[in-house]
Amino acid sequence: MSAKTNKQVSNREKKSNKLRNADERKVVFKSVLDNPFRIPWPNIPLNVQNTCLASLTHIFDGLALYHRTRSSRNKSLKRETKGQRSKQPEVEMPVDQEDPIETPENLKHISFGINQTTKHLESMIKQCREPQTILETPPPALRIIFVCRQDVNPPILIDHIPHSVAAFNSSGSLNPVKLVTLPKNAEVSLAEAVGLRRVAVVGILETAPCLQELLASTESIPTLSASWLTHAFEAKKRSAELLPTHIKQLKTSAPKDLKAAKARKAEERQEDKETAETGG
């Protein structure tokens with residue numbers, strides 16, 4: 001695996017216009033201890049990703065027309081409302097007399113977007129940790145989460161998803177959640193099939209009629225879990241599977257003459273202080 005290079009300029013360098021010349025600094029490597037309590041994304045072959053994408057877009061029949069019609073009607077209603085408010089501000093606004101848009105049946109079994117899917121997953125984890133009363137009926141649980149990992153920028157927006165999936169799967173649930181990454185540019189295909197501007201994450205509920213078909217296509221994908229979150233009786237059956245210790249090498253730079261660099265920084269701080277005092 002090739003080393004990951006971070007080319008982003010630090011805030012300290014952005015703030016100061018007095019950048020050091022390249023010949024005044026040297027390349028150094030600093031050892032950084034990696035976090036062993038991390039959940040890696042599942043390693044899925046490209047052919048399996050393409051199969052899952054094809055199966056997923058197949059179940060979106062009718063969603064594009066529904067979302068586009070709804071968006072067009074909402075825009076028309078906003079324009080009419082804005083025009084009537086400017087002409088007759090005291091007149092009561094008329095109610096939309098158009099026929100209501102019927103919600104497609106398959107939309108009731110799918111969650112779209114990072115926020116909606118994350119909230120649903122977090123509620124499932126909370127239900128596992130807190131006892132439920134008999135009168136409370138929990139909402140249908142997620143069974144599969146599809147993520148357009150290569151299309152999300154910055155990736156930190158979805159970095160929490162593997163950990164949340166592993167947390168739920170380690171709670172002792174009989175129906176674990178599968179996490180599936182899709183190939184590059186899958187977000188464009190999903191957005192076009194659904195009729196939305198962007199679709200980075202798709203969650204399939206356990207009530208979906210197409211669930212068995214999707215589970216069959218994801219059968220070879222490993223189920224994520226966190227051994228340090230399992231129950232005590234499960235921990236006795238198998239040893240904790242922590243990731244091996246990994247020390248990363250952080251490539252950075254340091255002044256060739258450390259003493260001169262410190263003196264230069266002290267002079268710059270003094271100049272900034274004098275400038276602030278004089279108001280210049």
# chains A, B, ... in the order shown; residues from 1 in each chain; ligands from 1
>>> residues_around(residues="segment 67-75 of chain A", least_positions_apart="5", cutoff="8 Å", atoms="only C-alpha atoms", output="list in words")
Ile101, Val194, Gly195 and Leu196 of chain A
>>> residues_around(residues="Gln116 of chain A", least_positions_apart="3", cutoff="12 Å", atoms="only C-alpha atoms", output="ChimeraX atom specification")
/A:110-113,119-123,142,145,199-204
>>> select_by_dssp(residues="segment 133-249 of chain A", states="helix (DSSP H, G or I)", output="VMD selection string")
chain A and resid 149 to 151 155 to 157 161 to 169 186 to 194 211 to 217 227 to 229 232 to 237
>>> write_last_selection(atoms="N, CA, C and O atoms", output="compact mmCIF listing (two decimals), in the first residue's frame")
# COMPACT_ATOMS: atom_id res chain seq x y z
N ARG A 149 -18.39 5.89 -1.47
CA ARG A 149 -17.22 6.34 -0.71
C ARG A 149 -16.25 7.16 -1.56
O ARG A 149 -15.72 8.18 -1.11
N GLN A 150 -16.01 6.74 -2.79
CA GLN A 150 -15.02 7.42 -3.63
C GLN A 150 -15.52 8.75 -4.19
O GLN A 150 -14.74 9.51 -4.75
N ASP A 151 -16.82 9.03 -4.03
CA ASP A 151 -17.39 10.26 -4.56
C ASP A 151 -17.61 11.32 -3.49
O ASP A 151 -18.02 12.45 -3.83
N PRO A 155 -13.77 13.11 2.79
CA PRO A 155 -14.19 11.78 3.27
C PRO A 155 -14.56 11.74 4.74
O PRO A 155 -15.18 10.77 5.18
N ILE A 156 -14.21 12.78 5.50
CA ILE A 156 -14.54 12.79 6.92
C ILE A 156 -16.05 12.80 7.14
O ILE A 156 -16.54 12.44 8.22
N LEU A 157 -16.81 13.18 6.11
CA LEU A 157 -18.27 13.21 6.23
C LEU A 157 -18.86 11.83 6.43
O LEU A 157 -19.96 11.69 7.00
N ILE A 161 -19.38 6.11 9.58
CA ILE A 161 -20.33 5.05 9.23
C ILE A 161 -19.81 3.65 9.56
O ILE A 161 -20.56 2.85 10.15
N PRO A 162 -18.57 3.27 9.21
CA PRO A 162 -18.11 1.93 9.59
C PRO A 162 -18.15 1.69 11.10
O PRO A 162 -18.50 0.60 11.55
N HIS A 163 -17.80 2.71 11.89
CA HIS A 163 -17.82 2.55 13.35
C HIS A 163 -19.24 2.38 13.87
O HIS A 163 -19.48 1.56 14.77
N SER A 164 -20.18 3.12 13.31
CA SER A 164 -21.57 2.99 13.75
C SER A 164 -22.14 1.63 13.37
O SER A 164 -22.86 1.01 14.16
N VAL A 165 -21.83 1.16 12.17
CA VAL A 165 -22.31 -0.16 11.74
C VAL A 165 -21.72 -1.25 12.63
O VAL A 165 -22.42 -2.17 13.07
N ALA A 166 -20.43 -1.15 12.91
CA ALA A 166 -19.79 -2.14 13.78
C ALA A 166 -20.34 -2.10 15.19
O ALA A 166 -20.49 -3.14 15.84
N ALA A 167 -20.67 -0.91 15.68
CA ALA A 167 -21.24 -0.79 17.02
C ALA A 167 -22.58 -1.49 17.11
O ALA A 167 -22.88 -2.18 18.10
N PHE A 168 -23.41 -1.34 16.08
CA PHE A 168 -24.71 -2.02 16.10
C PHE A 168 -24.54 -3.53 15.95
O PHE A 168 -25.19 -4.31 16.67
N ASN A 169 -23.69 -3.96 15.04
CA ASN A 169 -23.50 -5.40 14.82
C ASN A 169 -22.91 -6.09 16.05
O ASN A 169 -23.10 -7.29 16.23
N ALA A 186 -20.54 6.34 -8.81
CA ALA A 186 -21.84 5.71 -8.53
C ALA A 186 -22.86 6.75 -8.07
O ALA A 186 -24.06 6.58 -8.29
N GLU A 187 -22.40 7.81 -7.44
CA GLU A 187 -23.33 8.83 -6.95
C GLU A 187 -24.10 9.48 -8.09
O GLU A 187 -25.28 9.80 -7.96
N VAL A 188 -23.43 9.66 -9.24
CA VAL A 188 -24.11 10.24 -10.40
C VAL A 188 -25.23 9.32 -10.89
O VAL A 188 -26.34 9.77 -11.19
N SER A 189 -24.94 8.02 -10.93
CA SER A 189 -25.95 7.05 -11.38
C SER A 189 -27.13 6.99 -10.42
O SER A 189 -28.29 6.95 -10.84
N LEU A 190 -26.84 7.01 -9.11
CA LEU A 190 -27.91 6.95 -8.12
C LEU A 190 -28.76 8.21 -8.14
O LEU A 190 -29.99 8.15 -8.05
N ALA A 191 -28.10 9.36 -8.23
CA ALA A 191 -28.84 10.62 -8.25
C ALA A 191 -29.77 10.70 -9.46
O ALA A 191 -30.91 11.18 -9.36
N GLU A 192 -29.30 10.22 -10.59
CA GLU A 192 -30.14 10.24 -11.79
C GLU A 192 -31.31 9.27 -11.66
O GLU A 192 -32.43 9.58 -12.08
N ALA A 193 -31.07 8.11 -11.04
CA ALA A 193 -32.13 7.12 -10.89
C ALA A 193 -33.17 7.55 -9.86
O ALA A 193 -34.35 7.22 -9.99
N VAL A 194 -32.74 8.30 -8.85
CA VAL A 194 -33.65 8.71 -7.78
C VAL A 194 -34.32 10.04 -8.09
O VAL A 194 -35.42 10.31 -7.61
N LEU A 211 -35.35 -6.84 -0.35
CA LEU A 211 -34.25 -7.06 0.59
C LEU A 211 -33.51 -8.36 0.30
O LEU A 211 -32.27 -8.40 0.29
N GLN A 212 -34.22 -9.44 0.06
CA GLN A 212 -33.57 -10.73 -0.16
C GLN A 212 -32.70 -10.71 -1.41
O GLN A 212 -31.61 -11.31 -1.43
N GLU A 213 -33.15 -10.02 -2.43
CA GLU A 213 -32.35 -9.91 -3.65
C GLU A 213 -31.05 -9.16 -3.39
O GLU A 213 -29.97 -9.55 -3.85
N LEU A 214 -31.13 -8.07 -2.61
CA LEU A 214 -29.94 -7.30 -2.30
C LEU A 214 -29.01 -8.05 -1.34
O LEU A 214 -27.78 -7.97 -1.46
N LEU A 215 -29.59 -8.78 -0.39
CA LEU A 215 -28.76 -9.57 0.53
C LEU A 215 -28.01 -10.66 -0.22
O LEU A 215 -26.87 -11.00 0.13
N ALA A 216 -28.62 -11.21 -1.25
CA ALA A 216 -27.94 -12.24 -2.04
C ALA A 216 -26.73 -11.67 -2.77
O ALA A 216 -25.68 -12.32 -2.88
N SER A 217 -26.85 -10.44 -3.26
CA SER A 217 -25.73 -9.82 -3.97
C SER A 217 -24.62 -9.36 -3.02
O SER A 217 -23.49 -9.14 -3.45
N SER A 227 -14.82 -6.05 18.27
CA SER A 227 -14.72 -7.06 19.32
C SER A 227 -14.72 -6.45 20.71
O SER A 227 -15.15 -7.08 21.68
N TRP A 228 -14.24 -5.22 20.85
CA TRP A 228 -14.19 -4.60 22.18
C TRP A 228 -15.55 -4.05 22.62
O TRP A 228 -15.69 -3.56 23.73
N LEU A 229 -16.56 -4.14 21.74
CA LEU A 229 -17.90 -3.68 22.09
C LEU A 229 -18.88 -4.83 22.29
O LEU A 229 -20.04 -4.60 22.60
N ALA A 232 -20.31 -9.51 27.23
CA ALA A 232 -19.35 -10.29 28.00
C ALA A 232 -19.37 -11.77 27.60
O ALA A 232 -18.33 -12.41 27.46
N PHE A 233 -20.56 -12.33 27.36
CA PHE A 233 -20.62 -13.75 27.03
C PHE A 233 -20.07 -14.01 25.63
O PHE A 233 -19.52 -15.09 25.38
N GLU A 234 -20.15 -13.01 24.74
CA GLU A 234 -19.56 -13.19 23.42
C GLU A 234 -18.05 -13.05 23.48
O GLU A 234 -17.33 -13.70 22.74
N ALA A 235 -17.56 -12.19 24.37
CA ALA A 235 -16.13 -12.00 24.49
C ALA A 235 -15.44 -13.25 25.02
O ALA A 235 -14.27 -13.52 24.72
N LYS A 236 -16.15 -14.07 25.80
CA LYS A 236 -15.57 -15.30 26.31
C LYS A 236 -15.42 -16.36 25.23
O LYS A 236 -14.54 -17.22 25.29
N LYS A 237 -16.28 -16.30 24.24
CA LYS A 237 -16.24 -17.31 23.19
C LYS A 237 -15.09 -17.10 22.22
O LYS A 237 -14.58 -18.02 21.64
>>> closest_residue(among="A:Asn185, A:Thr57, A:Gln127, A:Thr223", to="Asn43 of chain A", atoms="only C-alpha atoms")
A:Thr223
>>> closest_residue(among="A:Glu105, A:Phe29, A:Leu258, A:Ile144", to="Leu56 of chain A", atoms="only C-alpha atoms")
A:Ile144
>>> atom_distance(atom1="atom CA of Arg129 of chain A", atom2="atom CA of Ile39 of chain A")
20.2 Å
>>> closest_residue(among="A:Lys265, A:Leu174, A:Thr245, A:Asn106", to="Leu33 of chain A", atoms="only C-alpha atoms")
A:Thr245
>>> decode(residues="segment 186-210 of chain A", atoms="N, CA, C and O atoms", output="compact mmCIF listing (two decimals), in the first residue's frame")
# COMPACT_ATOMS: atom_id res chain seq x y z
N ALA A 186 -20.54 6.34 -8.81
CA ALA A 186 -21.84 5.71 -8.53
C ALA A 186 -22.86 6.75 -8.07
O ALA A 186 -24.06 6.58 -8.29
N GLU A 187 -22.40 7.81 -7.44
CA GLU A 187 -23.33 8.83 -6.95
C GLU A 187 -24.10 9.48 -8.09
O GLU A 187 -25.28 9.80 -7.96
N VAL A 188 -23.43 9.66 -9.24
CA VAL A 188 -24.11 10.24 -10.40
C VAL A 188 -25.23 9.32 -10.89
O VAL A 188 -26.34 9.77 -11.19
N SER A 189 -24.94 8.02 -10.93
CA SER A 189 -25.95 7.05 -11.38
C SER A 189 -27.13 6.99 -10.42
O SER A 189 -28.29 6.95 -10.84
N LEU A 190 -26.84 7.01 -9.11
CA LEU A 190 -27.91 6.95 -8.12
C LEU A 190 -28.76 8.21 -8.14
O LEU A 190 -29.99 8.15 -8.05
N ALA A 191 -28.10 9.36 -8.23
CA ALA A 191 -28.84 10.62 -8.25
C ALA A 191 -29.77 10.70 -9.46
O ALA A 191 -30.91 11.18 -9.36
N GLU A 192 -29.30 10.22 -10.59
CA GLU A 192 -30.14 10.24 -11.79
C GLU A 192 -31.31 9.27 -11.66
O GLU A 192 -32.43 9.58 -12.08
N ALA A 193 -31.07 8.11 -11.04
CA ALA A 193 -32.13 7.12 -10.89
C ALA A 193 -33.17 7.55 -9.86
O ALA A 193 -34.35 7.22 -9.99
N VAL A 194 -32.74 8.30 -8.85
CA VAL A 194 -33.65 8.71 -7.78
C VAL A 194 -34.32 10.04 -8.09
O VAL A 194 -35.42 10.31 -7.61
N GLY A 195 -33.65 10.89 -8.89
CA GLY A 195 -34.21 12.20 -9.19
C GLY A 195 -33.82 13.27 -8.19
O GLY A 195 -34.52 14.28 -8.07
N LEU A 196 -32.71 13.07 -7.49
CA LEU A 196 -32.20 14.05 -6.54
C LEU A 196 -30.88 14.60 -7.03
O LEU A 196 -30.25 14.03 -7.93
N ARG A 197 -30.47 15.71 -6.44
CA ARG A 197 -29.23 16.34 -6.87
C ARG A 197 -28.01 15.52 -6.47
O ARG A 197 -27.08 15.36 -7.26
N ARG A 198 -28.03 14.98 -5.26
CA ARG A 198 -26.91 14.17 -4.79
C ARG A 198 -27.46 13.03 -3.93
O ARG A 198 -28.39 13.23 -3.14
N VAL A 199 -26.85 11.87 -4.08
CA VAL A 199 -27.20 10.70 -3.26
C VAL A 199 -25.90 9.99 -2.91
O VAL A 199 -25.37 9.21 -3.70
N ALA A 200 -25.36 10.27 -1.73
CA ALA A 200 -24.09 9.68 -1.33
C ALA A 200 -24.27 8.40 -0.53
O ALA A 200 -23.41 7.52 -0.55
N VAL A 201 -25.40 8.28 0.19
CA VAL A 201 -25.64 7.12 1.05
C VAL A 201 -27.09 6.68 0.86
O VAL A 201 -28.00 7.51 0.81
N VAL A 202 -27.29 5.37 0.77
CA VAL A 202 -28.62 4.79 0.63
C VAL A 202 -28.76 3.67 1.67
O VAL A 202 -27.90 2.79 1.76
N GLY A 203 -29.82 3.72 2.45
CA GLY A 203 -30.09 2.68 3.44
C GLY A 203 -31.33 1.88 3.07
O GLY A 203 -32.36 2.46 2.70
N ILE A 204 -31.25 0.56 3.15
CA ILE A 204 -32.37 -0.32 2.83
C ILE A 204 -32.92 -0.88 4.14
O ILE A 204 -32.18 -1.48 4.93
N LEU A 205 -34.22 -0.69 4.37
CA LEU A 205 -34.86 -1.16 5.59
C LEU A 205 -35.22 -2.64 5.49
O LEU A 205 -35.30 -3.21 4.39
N GLU A 206 -35.47 -3.23 6.65
CA GLU A 206 -35.80 -4.66 6.69
C GLU A 206 -37.16 -4.97 6.09
O GLU A 206 -37.46 -6.12 5.81
N THR A 207 -37.99 -3.94 5.89
CA THR A 207 -39.32 -4.14 5.32
C THR A 207 -39.33 -4.07 3.80
O THR A 207 -40.38 -4.24 3.18
N ALA A 208 -38.19 -3.82 3.19
CA ALA A 208 -38.14 -3.65 1.74
C ALA A 208 -38.44 -4.98 1.03
O ALA A 208 -37.86 -6.01 1.39
N PRO A 209 -39.32 -4.97 0.03
CA PRO A 209 -39.62 -6.22 -0.70
C PRO A 209 -38.41 -6.78 -1.44
O PRO A 209 -38.32 -7.98 -1.66
N CYS A 210 -37.47 -5.89 -1.80
CA CYS A 210 -36.29 -6.33 -2.56
C CYS A 210 -35.13 -6.72 -1.66
O CYS A 210 -34.01 -6.92 -2.15
